[in-house]
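Following: one structure in structure tokens, then a few remarks.
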Amino acid sequence: VRVRIPKSPEQLNKDEILRKKFYIKLTTAVLSYLTKSLVNRGFEWYLPVILSKSTDPLWPDPGASIEKRVEFEIYESKVRTTLSMIVHKVIACSLYSDRLFIISPNLRIERRERAQTGWHAYEFNQLDFEMKDATSKDVMKLVEEVLEGLISHIENNFSLNSYDGTIYKDIAPPFKVYDREELISKFGTKWEEIFPSRITEPVWIVNIPREFYDFQNFENGKWDNFDLYVPKYGEILSGARREWEYNKILTKMKRDGVKKENYNVLLELARKGKIRQSSGAGLGIERLVAWLTNAWHVCEVQPFPRVPGLVYEL
Ligand code: ASN
């Protein structure tokens, strides 16, 4: 099936502009509720960085599909655009804040065929947060609480009949937890495509092999990380307990072919024992809004759509 491709603002008719205004209103309500909830829970609010020598390797991650890595030189230094602020937030959590969050643009130049998934954008915004001395369970519990609060807030304060009238989501935490291995044996290796159509409420998926910063138990090989999947669409949040031990981080970088030269500061702090234990996650804002509104494409909720493979003037 080919997915309808979101248009640029100047291509929209009156009705489509009304719909866009609805997404913008809802995004405002979502951002306002989420930031308030985190600030009330003692989180400190950071502004994003965009250019850095060190950013998320997004590798190895079975879900990553990057067509191009954006790198260039400023002041005789090679910098990359932010893929996620994971490195910065782990360091900030060790040096500055017990709890912090950032709403940061993530630039991921996804392969152009991903326009058809309806679930990828080449620029999106992530609500990325990190908590010192917390476990994965603590983070999952916080996400469940905030999401449940958000949905009742929207239902109480937002006129739901504005568009489609069907944005009501019935959620009842705690969400079910599935091990990825269990899903592979049930649905095969393409479980990620099949599974979202088999669920009727958000669920957790745990134990996903991915980047060096997620904690892995070297004795049994299991990963202490998690994704939140929503019905019909798929993943809207991913997070983990973090690695903090120098030797483990180094071993994983070597194993996975990740260049350690890009992570000198993190490694040096870890070597000195200055990386504190933490857990955290990142929530895709546009994906959350797309799920809440039943949008047909995640880029549809963006005022200026960032569709993979399609560069509009705006
Ligand atoms: N934000 C994610 C996390 O906290 C990392 C990512 O975006 N790749 O685990």
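By convention in this document, the chains of the structure tokens carry letters A, B, ... by their order, each chain's residues are numbered from 1, and ligands are numbered from 1 in the order they are shown.
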
Can you list, as a PyMOL selection string, every residue of stretch 9-73 of chain A that DSSP puts in strand (DSSP E or B)? chain A and resi 44-46+51-52+66-68+71-73

Find the nearest atom pair between each residue of chain A and ligand 1 for residues within 6 Å, count only C-alpha atoms and all ligand atoms, give distances in Å to one decimal, sort rows by chain and ascending number, and present the table as a tab-separated table.
```
residue	atom	partner	partner_atom_place_in_ligand_line	distance
A:Ser84	CA	ligand 1	7 (O)	4.9
A:Ile86	CA	ligand 1	5 (C)	5.6
A:Asp128	CA	ligand 1	1 (N)	5.3
A:Ser238	CA	ligand 1	9 (O)	5.3
A:Gly239	CA	ligand 1	9 (O)	3.6
A:Ala240	CA	ligand 1	9 (O)	5.5
A:Gly280	CA	ligand 1	4 (O)	5.2
A:Ala281	CA	ligand 1	4 (O)	3.4
A:Gly282	CA	ligand 1	1 (N)	3.7
```

Would you mind exporting N, CA and C atoms of the selected residues as an mmCIF file, in the first residue's frame?
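Output saved as result_9.cif:
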```
data_model
loop_
_atom_site.group_PDB
_atom_site.id
_atom_site.type_symbol
_atom_site.label_atom_id
_atom_site.label_comp_id
_atom_site.auth_asym_id
_atom_site.auth_seq_id
_atom_site.Cartn_x
_atom_site.Cartn_y
_atom_site.Cartn_z
ATOM 1 N N SER A 84 20.555 12.127 18.353
ATOM 2 C CA SER A 84 19.782 12.204 19.593
ATOM 3 C C SER A 84 20.749 12.774 20.622
ATOM 4 N N ILE A 86 21.505 11.686 23.523
ATOM 5 C CA ILE A 86 21.832 10.688 24.542
ATOM 6 C C ILE A 86 23.163 10.958 25.253
ATOM 7 N N ASP A 128 13.505 14.048 25.379
ATOM 8 C CA ASP A 128 14.535 13.136 25.870
ATOM 9 C C ASP A 128 14.748 13.431 27.349
ATOM 10 N N SER A 238 11.594 5.148 23.283
ATOM 11 C CA SER A 238 12.536 4.087 23.639
ATOM 12 C C SER A 238 13.458 4.589 24.730
ATOM 13 N N GLY A 239 13.890 3.659 25.564
ATOM 14 C CA GLY A 239 14.740 4.061 26.675
ATOM 15 C C GLY A 239 15.457 2.872 27.276
ATOM 16 N N ALA A 240 16.192 3.147 28.344
ATOM 17 C CA ALA A 240 17.026 2.103 28.939
ATOM 18 C C ALA A 240 17.645 2.545 30.257
ATOM 19 N N GLY A 280 16.740 6.420 31.424
ATOM 20 C CA GLY A 280 15.991 7.483 30.773
ATOM 21 C C GLY A 280 15.338 6.975 29.510
ATOM 22 N N ALA A 281 14.727 7.897 28.787
ATOM 23 C CA ALA A 281 14.045 7.519 27.555
ATOM 24 C C ALA A 281 13.820 8.746 26.693
ATOM 25 N N GLY A 282 13.373 8.501 25.490
ATOM 26 C CA GLY A 282 13.045 9.594 24.584
ATOM 27 C C GLY A 282 11.705 9.314 23.926
#
```

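In this model, the gap between atom CA of A:Ile184 and atom CA of A:Arg198 comes to 13.9 Å.
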
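Those residues that approach A:Leu51 to within 8 Å, counting only C-alpha atoms, are Val79, Arg80, Thr81 and Thr82 of chain A; same-chain residues fewer than 4 positions away are not listed.
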
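The coordinates place atom CA of A:Tyr213 at 27.9 Å from atom CA of A:Lys36.
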
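Nearest-residue note for A:Arg2: choosing from A:Leu47, A:Val90, A:Val39, A:Ala115, the minimum distance belongs to A:Ala115, counting only C-alpha atoms.
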
Hey, what's within 9 Å of A:Tyr233 if we count only C-alpha atoms and toss same-chain stuff fewer than 5 positions away? As a PDB file with N, CA, C and O atoms, in the first residue's frame, please?
```pdb
ATOM      1  N   GLY A 118       4.955   5.803   6.757  1.00  0.00           N
ATOM      2  CA  GLY A 118       4.051   6.719   7.454  1.00  0.00           C
ATOM      3  C   GLY A 118       4.502   7.004   8.872  1.00  0.00           C
ATOM      4  O   GLY A 118       3.811   7.673   9.637  1.00  0.00           O
ATOM      5  N   TRP A 119       5.676   6.511   9.239  1.00  0.00           N
ATOM      6  CA  TRP A 119       6.107   6.574  10.639  1.00  0.00           C
ATOM      7  C   TRP A 119       7.495   7.188  10.794  1.00  0.00           C
ATOM      8  O   TRP A 119       8.085   7.121  11.856  1.00  0.00           O
ATOM      9  N   GLU A 193       6.596  -5.114  12.092  1.00  0.00           N
ATOM     10  CA  GLU A 193       5.551  -4.703  11.149  1.00  0.00           C
ATOM     11  C   GLU A 193       4.198  -5.299  11.527  1.00  0.00           C
ATOM     12  O   GLU A 193       3.158  -4.683  11.309  1.00  0.00           O
ATOM     13  N   PRO A 196       2.155  -4.192  15.821  1.00  0.00           N
ATOM     14  CA  PRO A 196       1.288  -3.048  16.139  1.00  0.00           C
ATOM     15  C   PRO A 196      -0.187  -3.270  15.769  1.00  0.00           C
ATOM     16  O   PRO A 196      -1.080  -2.721  16.418  1.00  0.00           O
ATOM     17  N   SER A 197      -0.464  -4.085  14.743  1.00  0.00           N
ATOM     18  CA  SER A 197      -1.862  -4.315  14.364  1.00  0.00           C
ATOM     19  C   SER A 197      -2.524  -5.367  15.267  1.00  0.00           C
ATOM     20  O   SER A 197      -3.724  -5.593  15.183  1.00  0.00           O
ATOM     21  N   ARG A 287       5.251  11.574  16.781  1.00  0.00           N
ATOM     22  CA  ARG A 287       4.613  10.255  16.799  1.00  0.00           C
ATOM     23  C   ARG A 287       3.511  10.196  17.838  1.00  0.00           C
ATOM     24  O   ARG A 287       2.438   9.620  17.592  1.00  0.00           O
ATOM     25  N   ALA A 290       0.620  12.034  16.407  1.00  0.00           N
ATOM     26  CA  ALA A 290       0.026  11.267  15.303  1.00  0.00           C
ATOM     27  C   ALA A 290      -0.843  10.132  15.842  1.00  0.00           C
ATOM     28  O   ALA A 290      -1.953   9.890  15.360  1.00  0.00           O
ATOM     29  N   TRP A 291      -0.349   9.464  16.864  1.00  0.00           N
ATOM     30  CA  TRP A 291      -1.133   8.383  17.470  1.00  0.00           C
ATOM     31  C   TRP A 291      -2.410   8.945  18.107  1.00  0.00           C
ATOM     32  O   TRP A 291      -3.515   8.432  17.884  1.00  0.00           O
TER      33      TRP A 291
END
```
